[in-house]
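Peer 1: Coordinates in structure36.tsv, TSV, C-alpha atoms and all ligand atoms, are listed below.
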```
chain	number	residue	atom	x	y	z
A	404	MET	CA	-57.46	217.01	-44.90
A	405	THR	CA	-59.13	219.74	-47.02
A	406	PRO	CA	-59.19	223.02	-45.08
A	407	LYS	CA	-62.67	224.30	-44.22
A	408	LYS	CA	-63.28	227.91	-45.17
A	409	LEU	CA	-64.46	229.86	-42.15
A	410	LEU	CA	-65.43	233.54	-42.11
A	411	LEU	CA	-65.47	235.16	-38.66
A	412	LEU	CA	-67.61	238.29	-38.25
A	413	PRO	CA	-67.18	239.37	-34.60
A	414	GLY	CA	-69.28	242.56	-34.87
A	415	ASP	CA	-69.86	244.93	-31.95
A	416	GLY	CA	-70.01	245.01	-28.15
A	417	ILE	CA	-69.17	241.60	-26.67
A	418	GLY	CA	-69.00	240.10	-30.20
A	419	PRO	CA	-65.19	240.39	-30.49
A	420	GLU	CA	-64.73	239.15	-26.89
A	421	VAL	CA	-66.72	235.94	-27.38
A	422	MET	CA	-65.26	235.42	-30.88
A	423	ALA	CA	-61.75	235.47	-29.37
A	424	GLU	CA	-62.73	232.30	-27.48
A	425	VAL	CA	-63.99	230.65	-30.69
A	426	LYS	CA	-60.54	231.38	-32.13
A	427	ARG	CA	-58.99	229.68	-29.09
A	428	VAL	CA	-61.15	226.57	-29.69
A	429	VAL	CA	-60.40	226.60	-33.43
A	430	ALA	CA	-56.67	226.78	-32.61
A	431	TRP	CA	-57.03	223.76	-30.29
A	432	PHE	CA	-58.68	221.65	-33.05
A	433	GLU	CA	-55.92	222.61	-35.48
A	434	LYS	CA	-53.11	221.94	-33.00
A	435	ALA	CA	-54.64	218.59	-32.12
A	436	GLY	CA	-54.62	217.75	-35.84
A	437	ARG	CA	-58.38	217.14	-35.85
A	438	ALA	CA	-59.28	219.82	-38.40
A	439	LYS	CA	-57.79	222.40	-40.73
A	440	PHE	CA	-59.35	225.78	-41.30
A	441	GLU	CA	-58.77	228.60	-43.74
A	442	ILE	CA	-59.88	231.56	-41.67
A	443	GLU	CA	-60.91	235.01	-42.85
A	444	GLU	CA	-62.24	237.79	-40.67
A	445	ASP	CA	-64.18	240.95	-41.50
A	446	LEU	CA	-66.31	243.70	-40.04
A	447	VAL	CA	-70.08	243.68	-39.60
A	448	GLY	CA	-72.63	245.92	-37.89
A	449	GLY	CA	-71.60	249.20	-36.29
A	450	ALA	CA	-67.91	248.38	-36.71
A	451	ALA	CA	-68.43	248.02	-40.47
A	452	TYR	CA	-70.50	251.22	-40.57
A	453	ASP	CA	-67.70	253.15	-38.87
A	454	ALA	CA	-65.16	251.82	-41.38
A	455	HIS	CA	-67.20	251.77	-44.63
A	456	GLY	CA	-70.48	253.63	-44.03
A	457	GLU	CA	-72.52	250.42	-44.39
A	458	ALA	CA	-73.33	247.52	-42.06
A	459	ILE	CA	-71.53	244.99	-44.25
A	460	SER	CA	-69.28	245.70	-47.23
A	461	ASP	CA	-69.56	244.00	-50.62
A	462	ALA	CA	-66.09	242.56	-49.99
A	463	ALA	CA	-67.26	240.93	-46.73
A	464	MET	CA	-70.39	239.61	-48.50
A	465	HIS	CA	-68.13	238.12	-51.16
A	466	LYS	CA	-66.11	236.33	-48.45
A	467	ALA	CA	-69.34	235.10	-46.83
A	468	LYS	CA	-70.49	233.57	-50.12
A	469	ALA	CA	-67.14	231.84	-50.61
A	470	ALA	CA	-67.02	230.47	-47.04
A	471	ASP	CA	-68.18	227.00	-45.99
A	472	ALA	CA	-69.54	228.61	-42.83
A	473	VAL	CA	-69.85	232.09	-41.32
A	474	ILE	CA	-69.54	232.54	-37.56
A	475	PHE	CA	-71.26	235.75	-36.49
A	476	GLY	CA	-70.81	237.44	-33.09
A	477	ALA	CA	-73.35	240.18	-32.40
A	478	VAL	CA	-74.15	243.67	-33.68
A	479	GLY	CA	-75.62	246.91	-32.38
A	480	GLY	CA	-75.21	249.51	-29.69
A	481	SER	CA	-76.45	252.98	-28.76
A	482	LYS	CA	-73.51	254.57	-30.62
A	483	TRP	CA	-75.37	253.81	-33.87
A	484	ASP	CA	-78.89	254.76	-32.73
A	485	LYS	CA	-79.04	257.71	-35.14
A	486	VAL	CA	-77.61	255.89	-38.15
A	487	PRO	CA	-80.06	255.83	-41.13
A	488	TYR	CA	-82.36	252.76	-41.16
A	489	ALA	CA	-80.72	251.12	-44.19
A	490	GLN	CA	-77.24	251.33	-42.63
A	491	ARG	CA	-78.12	250.36	-39.03
A	492	PRO	CA	-75.99	247.53	-37.57
A	493	GLU	CA	-78.80	244.92	-37.86
A	494	ALA	CA	-78.91	245.56	-41.63
A	495	GLY	CA	-75.64	243.62	-41.90
A	496	LEU	CA	-77.25	240.48	-40.49
A	497	LEU	CA	-80.39	240.93	-42.60
A	498	ARG	CA	-78.29	241.24	-45.77
A	499	LEU	CA	-76.34	238.11	-44.87
A	500	ARG	CA	-79.60	236.18	-44.34
A	501	LYS	CA	-81.12	237.48	-47.56
A	502	ASP	CA	-78.11	237.23	-49.90
A	503	LEU	CA	-77.11	233.79	-48.61
A	504	GLY	CA	-80.75	232.58	-48.87
A	505	LEU	CA	-80.81	231.35	-45.26
A	506	PHE	CA	-84.35	229.98	-44.99
A	507	ALA	CA	-83.91	227.48	-42.14
A	508	ASN	CA	-83.21	228.60	-38.60
A	509	LEU	CA	-82.07	225.88	-36.19
A	510	ARG	CA	-82.37	226.57	-32.49
A	511	PRO	CA	-81.36	223.74	-30.17
A	512	ALA	CA	-82.57	223.71	-26.59
A	513	ILE	CA	-80.11	221.64	-24.60
A	514	CYS	CA	-80.02	221.51	-20.84
A	515	TYR	CA	-76.48	220.90	-19.56
A	516	PRO	CA	-76.61	218.64	-16.47
A	517	ALA	CA	-74.68	221.20	-14.39
A	518	LEU	CA	-77.26	223.89	-15.12
A	519	THR	CA	-80.56	222.11	-14.44
A	520	GLU	CA	-81.13	224.40	-11.45
A	521	ALA	CA	-80.80	227.52	-13.66
A	522	SER	CA	-84.06	226.73	-15.48
A	523	SER	CA	-87.34	228.16	-14.27
A	524	LEU	CA	-88.85	224.70	-14.89
A	525	LYS	CA	-88.51	221.76	-12.46
A	526	ARG	CA	-85.32	219.70	-12.61
A	527	GLU	CA	-87.08	216.51	-13.78
A	528	VAL	CA	-88.76	218.41	-16.62
A	529	VAL	CA	-85.52	219.79	-18.11
A	530	GLU	CA	-82.81	217.33	-17.04
A	531	GLY	CA	-81.29	215.80	-20.18
A	532	LEU	CA	-83.38	217.99	-22.50
A	533	ASP	CA	-82.09	218.01	-26.09
A	534	ILE	CA	-84.56	219.26	-28.68
A	535	MET	CA	-84.23	221.20	-31.93
A	536	ILE	CA	-86.63	223.80	-33.25
A	537	VAL	CA	-86.49	224.28	-37.02
A	538	ARG	CA	-88.06	227.60	-37.95
A	539	GLU	CA	-88.84	228.77	-41.48
A	540	LEU	CA	-87.02	232.09	-41.69
A	541	THR	CA	-87.71	233.89	-44.95
A	542	GLY	CA	-91.46	233.51	-45.58
A	543	GLY	CA	-94.78	233.78	-43.80
A	544	VAL	CA	-96.40	236.72	-42.10
A	545	TYR	CA	-93.18	238.71	-41.54
A	546	PHE	CA	-92.67	239.13	-45.29
A	547	GLY	CA	-96.09	238.54	-46.95
A	548	GLU	CA	-97.72	241.38	-48.92
A	549	PRO	CA	-99.83	243.43	-48.44
A	550	LYS	CA	-98.21	244.62	-45.24
A	551	GLU	CA	-99.51	248.05	-44.39
A	552	ILE	CA	-101.39	250.41	-42.14
A	553	VAL	CA	-104.12	252.24	-44.07
A	554	THR	CA	-106.65	254.89	-43.09
A	555	LEU	CA	-110.19	253.90	-44.05
A	556	GLU	CA	-112.82	256.34	-45.36
A	557	SER	CA	-114.30	256.44	-41.87
A	558	GLY	CA	-110.98	257.77	-40.56
A	559	GLU	CA	-110.28	254.56	-38.68
A	560	MET	CA	-106.88	253.00	-39.22
A	561	ARG	CA	-106.45	249.36	-40.27
A	562	ALA	CA	-103.30	247.25	-40.15
A	563	VAL	CA	-102.71	244.27	-42.42
A	564	ASP	CA	-100.07	241.54	-42.34
A	565	THR	CA	-100.29	238.66	-44.76
A	566	GLN	CA	-99.46	235.07	-43.92
A	567	VAL	CA	-98.44	233.41	-47.17
A	568	TYR	CA	-96.60	230.16	-47.96
A	569	SER	CA	-95.95	228.38	-51.25
A	570	GLU	CA	-95.42	224.64	-51.51
A	571	HIS	CA	-91.69	224.89	-52.28
A	572	GLU	CA	-91.06	226.96	-49.14
A	573	ILE	CA	-92.76	224.35	-46.94
A	574	GLU	CA	-91.16	221.44	-48.75
A	575	ARG	CA	-87.57	222.68	-48.35
A	576	ILE	CA	-87.92	223.43	-44.61
A	577	ALA	CA	-89.61	220.06	-44.06
A	578	ARG	CA	-86.63	218.34	-45.73
A	579	VAL	CA	-84.21	220.17	-43.41
A	580	ALA	CA	-86.22	218.97	-40.39
A	581	PHE	CA	-86.43	215.34	-41.58
A	582	ASP	CA	-82.70	215.27	-42.50
A	583	LEU	CA	-81.86	216.56	-39.01
A	584	ALA	CA	-84.15	214.04	-37.33
A	585	ARG	CA	-82.37	211.24	-39.19
A	586	VAL	CA	-79.12	212.07	-37.39
A	587	ARG	CA	-80.87	212.67	-34.05
A	588	GLY	CA	-83.88	210.90	-32.52
A	589	LYS	CA	-85.73	210.17	-35.82
A	590	ARG	CA	-88.87	212.06	-34.77
A	591	VAL	CA	-90.41	215.24	-36.22
A	592	ALA	CA	-93.35	217.18	-34.81
A	593	SER	CA	-94.79	219.65	-37.31
A	594	ALA	CA	-96.59	222.56	-35.62
A	595	ASP	CA	-99.24	224.57	-37.48
A	596	LYS	CA	-102.72	226.03	-37.04
A	597	ARG	CA	-104.57	224.04	-39.71
A	598	ASN	CA	-107.77	224.32	-37.66
A	599	VAL	CA	-108.04	228.06	-38.41
A	600	MET	CA	-105.50	228.96	-41.11
A	601	LYS	CA	-105.30	228.02	-44.80
A	602	THR	CA	-101.50	228.23	-44.63
A	603	GLY	CA	-101.74	225.64	-41.85
A	604	VAL	CA	-103.78	223.31	-44.08
A	605	LEU	CA	-101.18	223.55	-46.86
A	606	TRP	CA	-98.29	223.27	-44.38
A	607	ASN	CA	-99.77	220.07	-42.98
A	608	ALA	CA	-100.40	218.54	-46.41
A	609	VAL	CA	-96.94	219.34	-47.81
A	610	VAL	CA	-95.08	218.10	-44.71
A	611	SER	CA	-97.11	214.84	-44.87
A	612	ARG	CA	-96.35	214.46	-48.59
A	613	VAL	CA	-92.58	215.00	-48.13
A	614	HIS	CA	-92.65	212.48	-45.29
A	615	ALA	CA	-94.52	209.84	-47.27
A	616	SER	CA	-92.33	210.23	-50.35
A	617	THR	CA	-88.86	210.21	-48.75
A	618	TYR	CA	-88.72	209.99	-44.97
A	619	LYS	CA	-90.82	207.01	-43.83
A	620	ASP	CA	-87.95	206.01	-41.51
A	621	VAL	CA	-88.67	209.16	-39.46
A	622	GLU	CA	-91.75	209.32	-37.22
A	623	LEU	CA	-93.96	212.32	-38.07
A	624	THR	CA	-96.63	213.80	-35.82
A	625	HIS	CA	-98.69	216.94	-36.40
A	626	ILE	CA	-99.41	219.22	-33.49
A	627	LEU	CA	-101.36	222.46	-33.24
A	628	ALA	CA	-98.95	225.31	-32.48
A	629	ASP	CA	-100.82	226.40	-29.33
A	630	ASN	CA	-100.75	222.86	-27.96
A	631	CYS	CA	-97.04	222.71	-28.85
A	632	ALA	CA	-96.46	225.81	-26.67
A	633	MET	CA	-98.21	224.06	-23.77
A	634	GLN	CA	-96.35	220.78	-24.24
A	635	LEU	CA	-92.98	222.60	-24.30
A	636	VAL	CA	-93.60	223.75	-20.75
A	637	ARG	CA	-95.39	220.58	-19.56
A	638	TRP	CA	-92.97	217.90	-20.86
A	639	PRO	CA	-90.47	219.23	-23.46
A	640	LYS	CA	-88.54	215.94	-23.55
A	641	GLN	CA	-91.37	214.37	-25.60
A	642	PHE	CA	-89.97	216.24	-28.65
A	643	ASP	CA	-86.94	215.60	-30.86
A	644	VAL	CA	-87.23	217.99	-33.85
A	645	ILE	CA	-90.06	220.53	-34.12
A	646	VAL	CA	-90.61	222.16	-37.53
A	647	THR	CA	-92.79	225.21	-37.85
A	648	ASP	CA	-93.34	228.47	-39.73
A	649	ASN	CA	-91.68	231.83	-39.21
A	650	LEU	CA	-94.14	233.34	-36.72
A	651	PHE	CA	-94.76	230.25	-34.57
A	652	GLY	CA	-91.07	229.38	-34.75
A	653	ASP	CA	-90.07	232.80	-33.47
A	654	ILE	CA	-92.16	232.29	-30.35
A	655	LEU	CA	-91.72	228.54	-29.78
A	656	SER	CA	-87.91	228.70	-30.17
A	657	ASP	CA	-87.59	231.42	-27.51
A	658	GLN	CA	-89.91	229.48	-25.24
A	659	ALA	CA	-87.96	226.23	-25.66
A	660	ALA	CA	-84.61	227.95	-25.27
A	661	MET	CA	-85.53	229.53	-21.98
A	662	ALA	CA	-86.21	226.10	-20.51
A	663	THR	CA	-82.42	225.80	-20.47
A	664	GLY	CA	-81.35	228.91	-18.53
A	665	SER	CA	-79.20	231.85	-19.66
A	666	LEU	CA	-79.08	233.81	-22.92
A	667	GLY	CA	-75.30	233.39	-22.87
A	668	MET	CA	-75.73	229.64	-23.48
A	669	LEU	CA	-77.86	229.56	-26.63
A	670	PRO	CA	-76.39	228.86	-30.09
A	671	SER	CA	-78.19	228.93	-33.44
A	672	ALA	CA	-77.67	228.09	-37.08
A	673	SER	CA	-79.25	229.48	-40.23
A	674	LEU	CA	-78.99	227.32	-43.34
A	675	GLY	CA	-79.65	227.88	-47.03
A	676	GLY	CA	-80.40	225.44	-49.85
A	677	LYS	CA	-77.80	223.03	-51.25
A	678	ASP	CA	-75.93	224.11	-54.39
A	679	ALA	CA	-74.98	221.80	-57.28
A	680	ASN	CA	-72.01	220.50	-55.25
A	681	GLY	CA	-74.20	219.72	-52.24
A	682	ARG	CA	-72.76	222.70	-50.32
A	683	ARG	CA	-75.13	224.71	-48.12
A	684	ALA	CA	-74.72	228.40	-47.22
A	685	ALA	CA	-74.65	228.58	-43.43
A	686	LEU	CA	-74.36	231.17	-40.71
A	687	TYR	CA	-73.88	230.32	-37.04
A	688	GLU	CA	-74.48	232.82	-34.26
A	689	PRO	CA	-75.32	233.11	-30.59
A	690	VAL	CA	-78.93	234.03	-29.86
A	691	HIS	CA	-77.85	236.96	-27.66
A	692	GLY	CA	-77.06	240.50	-28.82
A	693	SER	CA	-74.03	242.74	-28.31
A	694	ALA	CA	-74.73	243.23	-24.55
A	695	PRO	CA	-73.42	246.82	-24.38
A	696	ASP	CA	-73.94	246.81	-20.59
A	697	ILE	CA	-71.09	244.32	-20.09
A	698	ALA	CA	-68.99	244.95	-23.24
A	699	GLY	CA	-65.28	245.54	-22.66
A	700	LYS	CA	-65.34	244.03	-19.16
A	701	GLY	CA	-64.19	240.54	-20.13
A	702	ILE	CA	-67.10	238.91	-18.30
A	703	ALA	CA	-69.38	237.81	-21.20
A	704	ASN	CA	-70.25	234.13	-21.44
A	705	PRO	CA	-68.64	232.75	-24.64
A	706	ILE	CA	-70.49	229.39	-24.55
A	707	ALA	CA	-73.30	230.41	-26.96
A	708	THR	CA	-70.75	231.41	-29.61
A	709	ILE	CA	-68.47	228.42	-29.00
A	710	ALA	CA	-71.52	226.12	-29.22
A	711	SER	CA	-72.49	227.90	-32.48
A	712	PHE	CA	-69.07	226.91	-33.83
A	713	GLY	CA	-69.88	223.39	-32.64
A	714	MET	CA	-73.03	223.48	-34.79
A	715	ALA	CA	-70.84	224.48	-37.76
A	716	LEU	CA	-68.65	221.42	-37.12
A	717	ARG	CA	-71.77	219.22	-37.15
A	718	TYR	CA	-73.90	220.73	-39.90
A	719	SER	CA	-71.42	222.35	-42.32
A	720	PHE	CA	-68.29	220.27	-41.91
A	721	ASP	CA	-69.77	216.83	-41.25
A	722	MET	CA	-67.52	216.54	-38.18
A	723	GLY	CA	-70.00	214.98	-35.77
A	724	ALA	CA	-67.30	213.40	-33.58
A	725	GLU	CA	-65.57	216.77	-33.11
A	726	ALA	CA	-68.91	218.47	-32.43
A	727	ASP	CA	-69.69	215.82	-29.78
A	728	LEU	CA	-66.25	216.36	-28.26
A	729	LEU	CA	-66.81	220.13	-28.07
A	730	ASP	CA	-70.27	219.66	-26.50
A	731	ALA	CA	-68.73	217.30	-23.95
A	732	ALA	CA	-65.95	219.82	-23.22
A	733	ILE	CA	-68.52	222.58	-22.58
A	734	ALA	CA	-70.48	220.24	-20.28
A	735	GLY	CA	-67.18	219.25	-18.62
A	736	ALA	CA	-66.11	222.84	-17.92
A	737	LEU	CA	-69.54	223.50	-16.36
A	738	ALA	CA	-69.36	220.26	-14.36
A	739	LYS	CA	-65.98	221.40	-13.00
A	740	GLY	CA	-67.79	224.42	-11.56
A	741	LEU	CA	-66.58	227.08	-13.99
A	742	ARG	CA	-69.17	229.86	-14.29
A	743	THR	CA	-69.20	233.25	-15.97
A	744	ALA	CA	-71.11	235.94	-14.05
A	745	ASP	CA	-74.44	235.38	-15.86
A	746	ILE	CA	-74.67	231.73	-14.71
A	747	MET	CA	-72.84	232.07	-11.37
A	748	GLN	CA	-74.16	229.85	-8.55
A	749	ASP	CA	-73.12	229.43	-4.91
A	750	GLY	CA	-69.98	227.36	-4.44
A	751	MET	CA	-68.88	227.63	-8.08
A	752	THR	CA	-65.77	229.30	-9.52
A	753	LYS	CA	-66.38	232.63	-11.22
A	754	VAL	CA	-64.32	232.99	-14.40
A	755	SER	CA	-63.83	235.61	-17.10
A	756	THR	CA	-64.71	235.18	-20.79
A	757	ALA	CA	-61.14	234.04	-21.43
A	758	GLY	CA	-61.22	231.83	-18.34
A	759	MET	CA	-64.23	229.94	-19.70
A	760	GLY	CA	-62.54	229.58	-23.12
A	761	GLU	CA	-59.40	228.24	-21.44
A	762	GLY	CA	-61.48	225.87	-19.29
A	763	ILE	CA	-63.26	224.47	-22.35
A	764	CYS	CA	-59.92	223.96	-24.16
A	765	ALA	CA	-58.50	222.21	-21.08
A	766	GLU	CA	-61.51	219.87	-21.18
A	767	LEU	CA	-61.00	219.29	-24.92
A	768	GLU	CA	-57.44	218.28	-24.14
A	769	ARG	CA	-58.44	216.01	-21.22
A	770	LEU	CA	-61.32	214.32	-23.07
A	771	SER	CA	-59.26	213.73	-26.20
A	772	GLN	CA	-56.67	211.83	-24.11
A	773	LEU	CA	-59.25	209.37	-22.71
B	1	LIG	P1	-78.61	241.39	-25.42
B	1	LIG	O1	-78.80	239.98	-25.80
B	1	LIG	O2	-77.42	242.07	-26.00
B	1	LIG	O3	-78.52	241.51	-23.82
B	1	LIG	C1	-79.60	241.19	-22.95
B	1	LIG	C2	-79.05	240.93	-21.52
B	1	LIG	O4	-78.38	239.67	-21.50
B	1	LIG	C3	-78.03	241.96	-21.07
B	1	LIG	O5	-78.17	242.20	-19.70
B	1	LIG	C4	-76.70	241.31	-21.36
B	1	LIG	O6	-75.65	241.75	-20.50
B	1	LIG	C5	-77.03	239.83	-21.14
B	1	LIG	N1	-76.21	239.00	-22.02
B	1	LIG	C6	-76.37	238.82	-23.37
B	1	LIG	N2	-75.42	238.01	-23.84
B	1	LIG	C7	-74.66	237.65	-22.80
B	1	LIG	C8	-73.50	236.83	-22.66
B	1	LIG	N3	-72.95	236.20	-23.71
B	1	LIG	N4	-72.95	236.70	-21.43
B	1	LIG	C9	-73.50	237.30	-20.36
B	1	LIG	N5	-74.58	238.09	-20.42
B	1	LIG	C10	-75.15	238.26	-21.63
B	1	LIG	O7	-79.95	242.17	-25.82
B	1	LIG	P2	-80.30	243.72	-25.74
B	1	LIG	O8	-79.67	244.33	-24.52
B	1	LIG	O9	-81.74	243.80	-25.95
B	1	LIG	O10	-79.61	244.37	-27.02
B	1	LIG	C11	-78.33	244.98	-27.02
B	1	LIG	C12	-77.92	245.30	-28.45
B	1	LIG	O11	-77.79	244.08	-29.19
B	1	LIG	C13	-78.95	246.13	-29.21
B	1	LIG	O12	-78.27	247.05	-30.03
B	1	LIG	C14	-79.70	245.10	-30.05
B	1	LIG	O13	-80.25	245.68	-31.20
B	1	LIG	C15	-78.59	244.15	-30.37
B	1	LIG	N6	-79.02	242.76	-30.68
B	1	LIG	C16	-78.30	242.16	-31.65
B	1	LIG	C17	-78.58	240.83	-31.97
B	1	LIG	C18	-77.72	240.17	-32.99
B	1	LIG	O14	-76.63	240.66	-33.28
B	1	LIG	N7	-78.13	239.04	-33.54
B	1	LIG	C19	-79.58	240.15	-31.30
B	1	LIG	C20	-80.29	240.79	-30.27
B	1	LIG	C21	-79.98	242.13	-29.98
```
Take the structure in the file and write it out as C-alpha cells.
Ligand code: NAD
Peer 2:
Amino acid sequence: MTPKKLLLLPGDGIGPEVMAEVKRVVAWFEKAGRAKFEIEEDLVGGAAYDAHGEAISDAAMHKAKAADAVIFGAVGGSKWDKVPYAQRPEAGLLRLRKDLGLFANLRPAICYPALTEASSLKREVVEGLDIMIVRELTGGVYFGEPKEIVTLESGEMRAVDTQVYSEHEIERIARVAFDLARVRGKRVASADKRNVMKTGVLWNAVVSRVHASTYKDVELTHILADNCAMQLVRWPKQFDVIVTDNLFGDILSDQAAMATGSLGMLPSASLGGKDANGRRAALYEPVHGSAPDIAGKGIANPIATIASFGMALRYSFDMGAEADLLDAAIAGALAKGLRTADIMQDGMTKVSTAGMGEGICAELERLSQL
C-alpha cells in the first residue's frame, strides 16, 4: 500500500480544533489497515504570520506542492485586522489556490437524513438531496481586466469589472464536471447566461463541444443561471452535477449548500489540472471560517472538515469505498442523536468537538464490522 502524502494546515481559530478530529479519523483508517498516510503539518494564516511574518511560508508551499492532498482548516481573526493587506491571513489561502493552479471548486450539497428538519426548505424537497456544484475558480469577472473605478471628465465615478473566459478555461472545468458525473448520477447541468452575455454563448458552445467529443455517456442539459437559482429552491433533487462560472458558482453553491442546514456541515474541494503522471493538485477545506466567537471552547462542529477529508479519499486517493464508509459513519453518528451545539435539536445528545470525532470513529468501527 503506497502511503498517500497528506499536508495538514489547521490555521487559526477553530481550525486546529476541527483538524484534531480529522487526525483522529486518519488514525482510525491507518489502525484498521485501510490506508497509509505520510502526514506533514504546517502553519497557515495568522498563525503563520505570527511565526514567519507571512500568511504561508515558502517551505509550507513546497510541502503543499509535494502533497497528494492538502487539508486546510480555517484562517483569520481580529488579532490580525491591522496586518498589511499582502500578509493578511486570507493571503495564505489565495497563494495556495494560485500557486497550485486550483481552478475547479467542488461544493457538494448533501442532506443527511437526520438533519432534514434543519433545512429552511420542506422535508420532501431536501430529503436525500445529493448534488454537486462545480464552480470555475480562477477566471471570469473576479479576475478579468480592466477592473477599476475611474473618475470621468464630468466628475462622475464609473466602476468596471470584466467578465472574460477563454476556451481552454471552459473546456477544463467542463471536463472536471463530466468526469465527476461519470462516477455519480451521469447528469450535468451547465448554467450560463447565454441570452445576454457573450461569455455565456462561448461557455455553452464549449461545454456542448466537450460533451459531444468525449462524454456522450453523460446527459447534458443547459440551463440559464437565473432559472437554475429558482430550480435549486423549487426541486433541487432534479440535479446531479451543476457546472458554472466563477460568479454564478459563488452564488449558486451557497444557495445549494444552505438547503442542507448548518455551516459546520459543509465540505469543499478545489482541484487543479492533471500533471504528466495524472496527479492533480488538490486542497480540501470546510466552507466555514475560523469562528473566533467559539474558538477554544471545544464546541465547534468538526463534520465539515472530516467530510472534506472524505472528499480527499474519493477524489485524490481513489478510495471510494473508504469515502462511502466515512460518509456512512457521519450519517450514523447523526442518526444516533449526536449533535454539536450548532445543530442541536430537542431530545438529542449534545457533544463536544472531540465527542463528535469519537462518535464518528465509533461508527467507522461498527460499520466496518458489518
Ligand atoms: P465563520 O464561518 O467563521 O462563522 C460564522 C458563524 O458560524 C459563527 O457564528 C460561527 O461560530 C459559526 N460556525 C462556523 N463554523 C462553525 C463550526 N464548524 N461549528 C459551529 N459553528 C460554526 O465566518 P465569519 O464569522 O464571517 O468569519 C470569521 C473569520 O473567519 C474571519 O476572520 C473571516 O475572514 C474568516 N473566514 C475564513 C475562511 C477560510 O478560512 N476559508 C472563510 C470564511 C471566513
Peer 1: Compile the contact shell of region 638-651 of chain A as JSON, numbers by chain: residues with an atom at most 7 Å away, counting only C-alpha atoms, same-chain residues fewer than 5 positions apart removed.
Peer 2: {"A": [528, 532, 534, 535, 536, 537, 538, 539, 540, 542, 543, 544, 577, 580, 584, 588, 590, 591, 592, 593, 594, 595, 628]}
Peer 1: List as an MDAnalysis selection string the protein and nucleic acid residues lying within 10 Å of ligand LIG 1 (chain B), with all atoms listed in the file counted.
Peer 2: chainID A and resid 413:418 420:421 447:449 475:484 491:497 665:669 688:698 701:708 743:746 756
Peer 1: Separation of CA of Gln748 (chain A) and CA of Ala732 (chain A), in Å?
Peer 2: 19.6 Å
Peer 1: What separation in Å, quoted to one decimal, exists between CA of Trp431 (chain A) and CA of Ala521 (chain A)?
Peer 2: 29.3 Å
Peer 1: Can you pull out every residue within 7 Å of region 764-772 of chain A, counting all atoms listed in the file, but drop anything in the same chain fewer than 6 positions away, and send it as a ChimeraX atom specification?
Peer 2: /A:428,431,728-729,732,735-736
Peer 1: Quick one: pull the distance between CA of Thr624 (chain A) and CA of Asp730 (chain A), Å, one decimal.
Peer 2: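 Straight-line distance from CA of Thr624 (chain A) to CA of Asp730 (chain A) works out to 28.6 Å.
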Peer 1: Using all atoms listed in the file, which of the listed residues (A:Leu583, A:Phe506, A:Leu627, A:Arg612) sits closest to Val599 (chain A)?
Peer 2: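 Of A:Leu583, A:Phe506, A:Leu627, A:Arg612, the one nearest Val599 (chain A) is A:Leu627, counting all atoms listed in the file.
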Peer 1: What box, with edges along x, y and z, holds each listed atom of region 767-771 of chain A when 4 Å is added on every side, and can you state its centre and edge lengths in Å to one decimal, as AutoDock Vina command-line options?
Peer 2:
```
--center_x -59.4 --center_y 216.5 --center_z -23.7 --size_x 11.9 --size_y 13.6 --size_z 13.0
```
Peer 1: For region 558-574 of chain A, work out the shell of residues within 6 Å, counting all atoms listed in the file and skipping chain neighbours fewer than 6 positions away, then give it as number ranges by chain.
Peer 2: A: 543-544, 547-548, 550-552
Peer 1: Just add N, CA, C and O atoms to region 441-449 of chain A and send it as a PDB file, keeping the file's coordinate frame.
Peer 2:
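Result file follows (part_36.pdb):
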```
ATOM      1  N   GLU A 441     -59.308 227.439 -43.037  1.00  0.00           N
ATOM      2  CA  GLU A 441     -58.770 228.600 -43.740  1.00  0.00           C
ATOM      3  C   GLU A 441     -59.632 229.759 -43.229  1.00  0.00           C
ATOM      4  O   GLU A 441     -60.818 229.831 -43.571  1.00  0.00           O
ATOM      5  N   ILE A 442     -59.047 230.589 -42.384  1.00  0.00           N
ATOM      6  CA  ILE A 442     -59.880 231.560 -41.670  1.00  0.00           C
ATOM      7  C   ILE A 442     -59.741 232.966 -42.236  1.00  0.00           C
ATOM      8  O   ILE A 442     -58.632 233.456 -42.453  1.00  0.00           O
ATOM      9  N   GLU A 443     -60.883 233.595 -42.484  1.00  0.00           N
ATOM     10  CA  GLU A 443     -60.910 235.010 -42.850  1.00  0.00           C
ATOM     11  C   GLU A 443     -61.703 235.719 -41.785  1.00  0.00           C
ATOM     12  O   GLU A 443     -62.529 235.115 -41.087  1.00  0.00           O
ATOM     13  N   GLU A 444     -61.492 237.024 -41.660  1.00  0.00           N
ATOM     14  CA  GLU A 444     -62.240 237.790 -40.670  1.00  0.00           C
ATOM     15  C   GLU A 444     -62.635 239.120 -41.306  1.00  0.00           C
ATOM     16  O   GLU A 444     -61.899 239.654 -42.139  1.00  0.00           O
ATOM     17  N   ASP A 445     -63.782 239.651 -40.952  1.00  0.00           N
ATOM     18  CA  ASP A 445     -64.180 240.950 -41.500  1.00  0.00           C
ATOM     19  C   ASP A 445     -65.097 241.663 -40.523  1.00  0.00           C
ATOM     20  O   ASP A 445     -65.462 241.111 -39.482  1.00  0.00           O
ATOM     21  N   LEU A 446     -65.469 242.880 -40.905  1.00  0.00           N
ATOM     22  CA  LEU A 446     -66.310 243.700 -40.040  1.00  0.00           C
ATOM     23  C   LEU A 446     -67.776 243.517 -40.377  1.00  0.00           C
ATOM     24  O   LEU A 446     -68.139 243.268 -41.532  1.00  0.00           O
ATOM     25  N   VAL A 447     -68.632 243.677 -39.371  1.00  0.00           N
ATOM     26  CA  VAL A 447     -70.080 243.680 -39.600  1.00  0.00           C
ATOM     27  C   VAL A 447     -70.708 244.595 -38.548  1.00  0.00           C
ATOM     28  O   VAL A 447     -70.121 244.843 -37.498  1.00  0.00           O
ATOM     29  N   GLY A 448     -71.901 245.107 -38.862  1.00  0.00           N
ATOM     30  CA  GLY A 448     -72.630 245.920 -37.890  1.00  0.00           C
ATOM     31  C   GLY A 448     -72.067 247.321 -37.759  1.00  0.00           C
ATOM     32  O   GLY A 448     -71.589 247.923 -38.731  1.00  0.00           O
ATOM     33  N   GLY A 449     -72.088 247.847 -36.534  1.00  0.00           N
ATOM     34  CA  GLY A 449     -71.600 249.200 -36.290  1.00  0.00           C
ATOM     35  C   GLY A 449     -70.134 249.355 -36.651  1.00  0.00           C
ATOM     36  O   GLY A 449     -69.722 250.390 -37.192  1.00  0.00           O
TER      37      GLY A 449
END
```
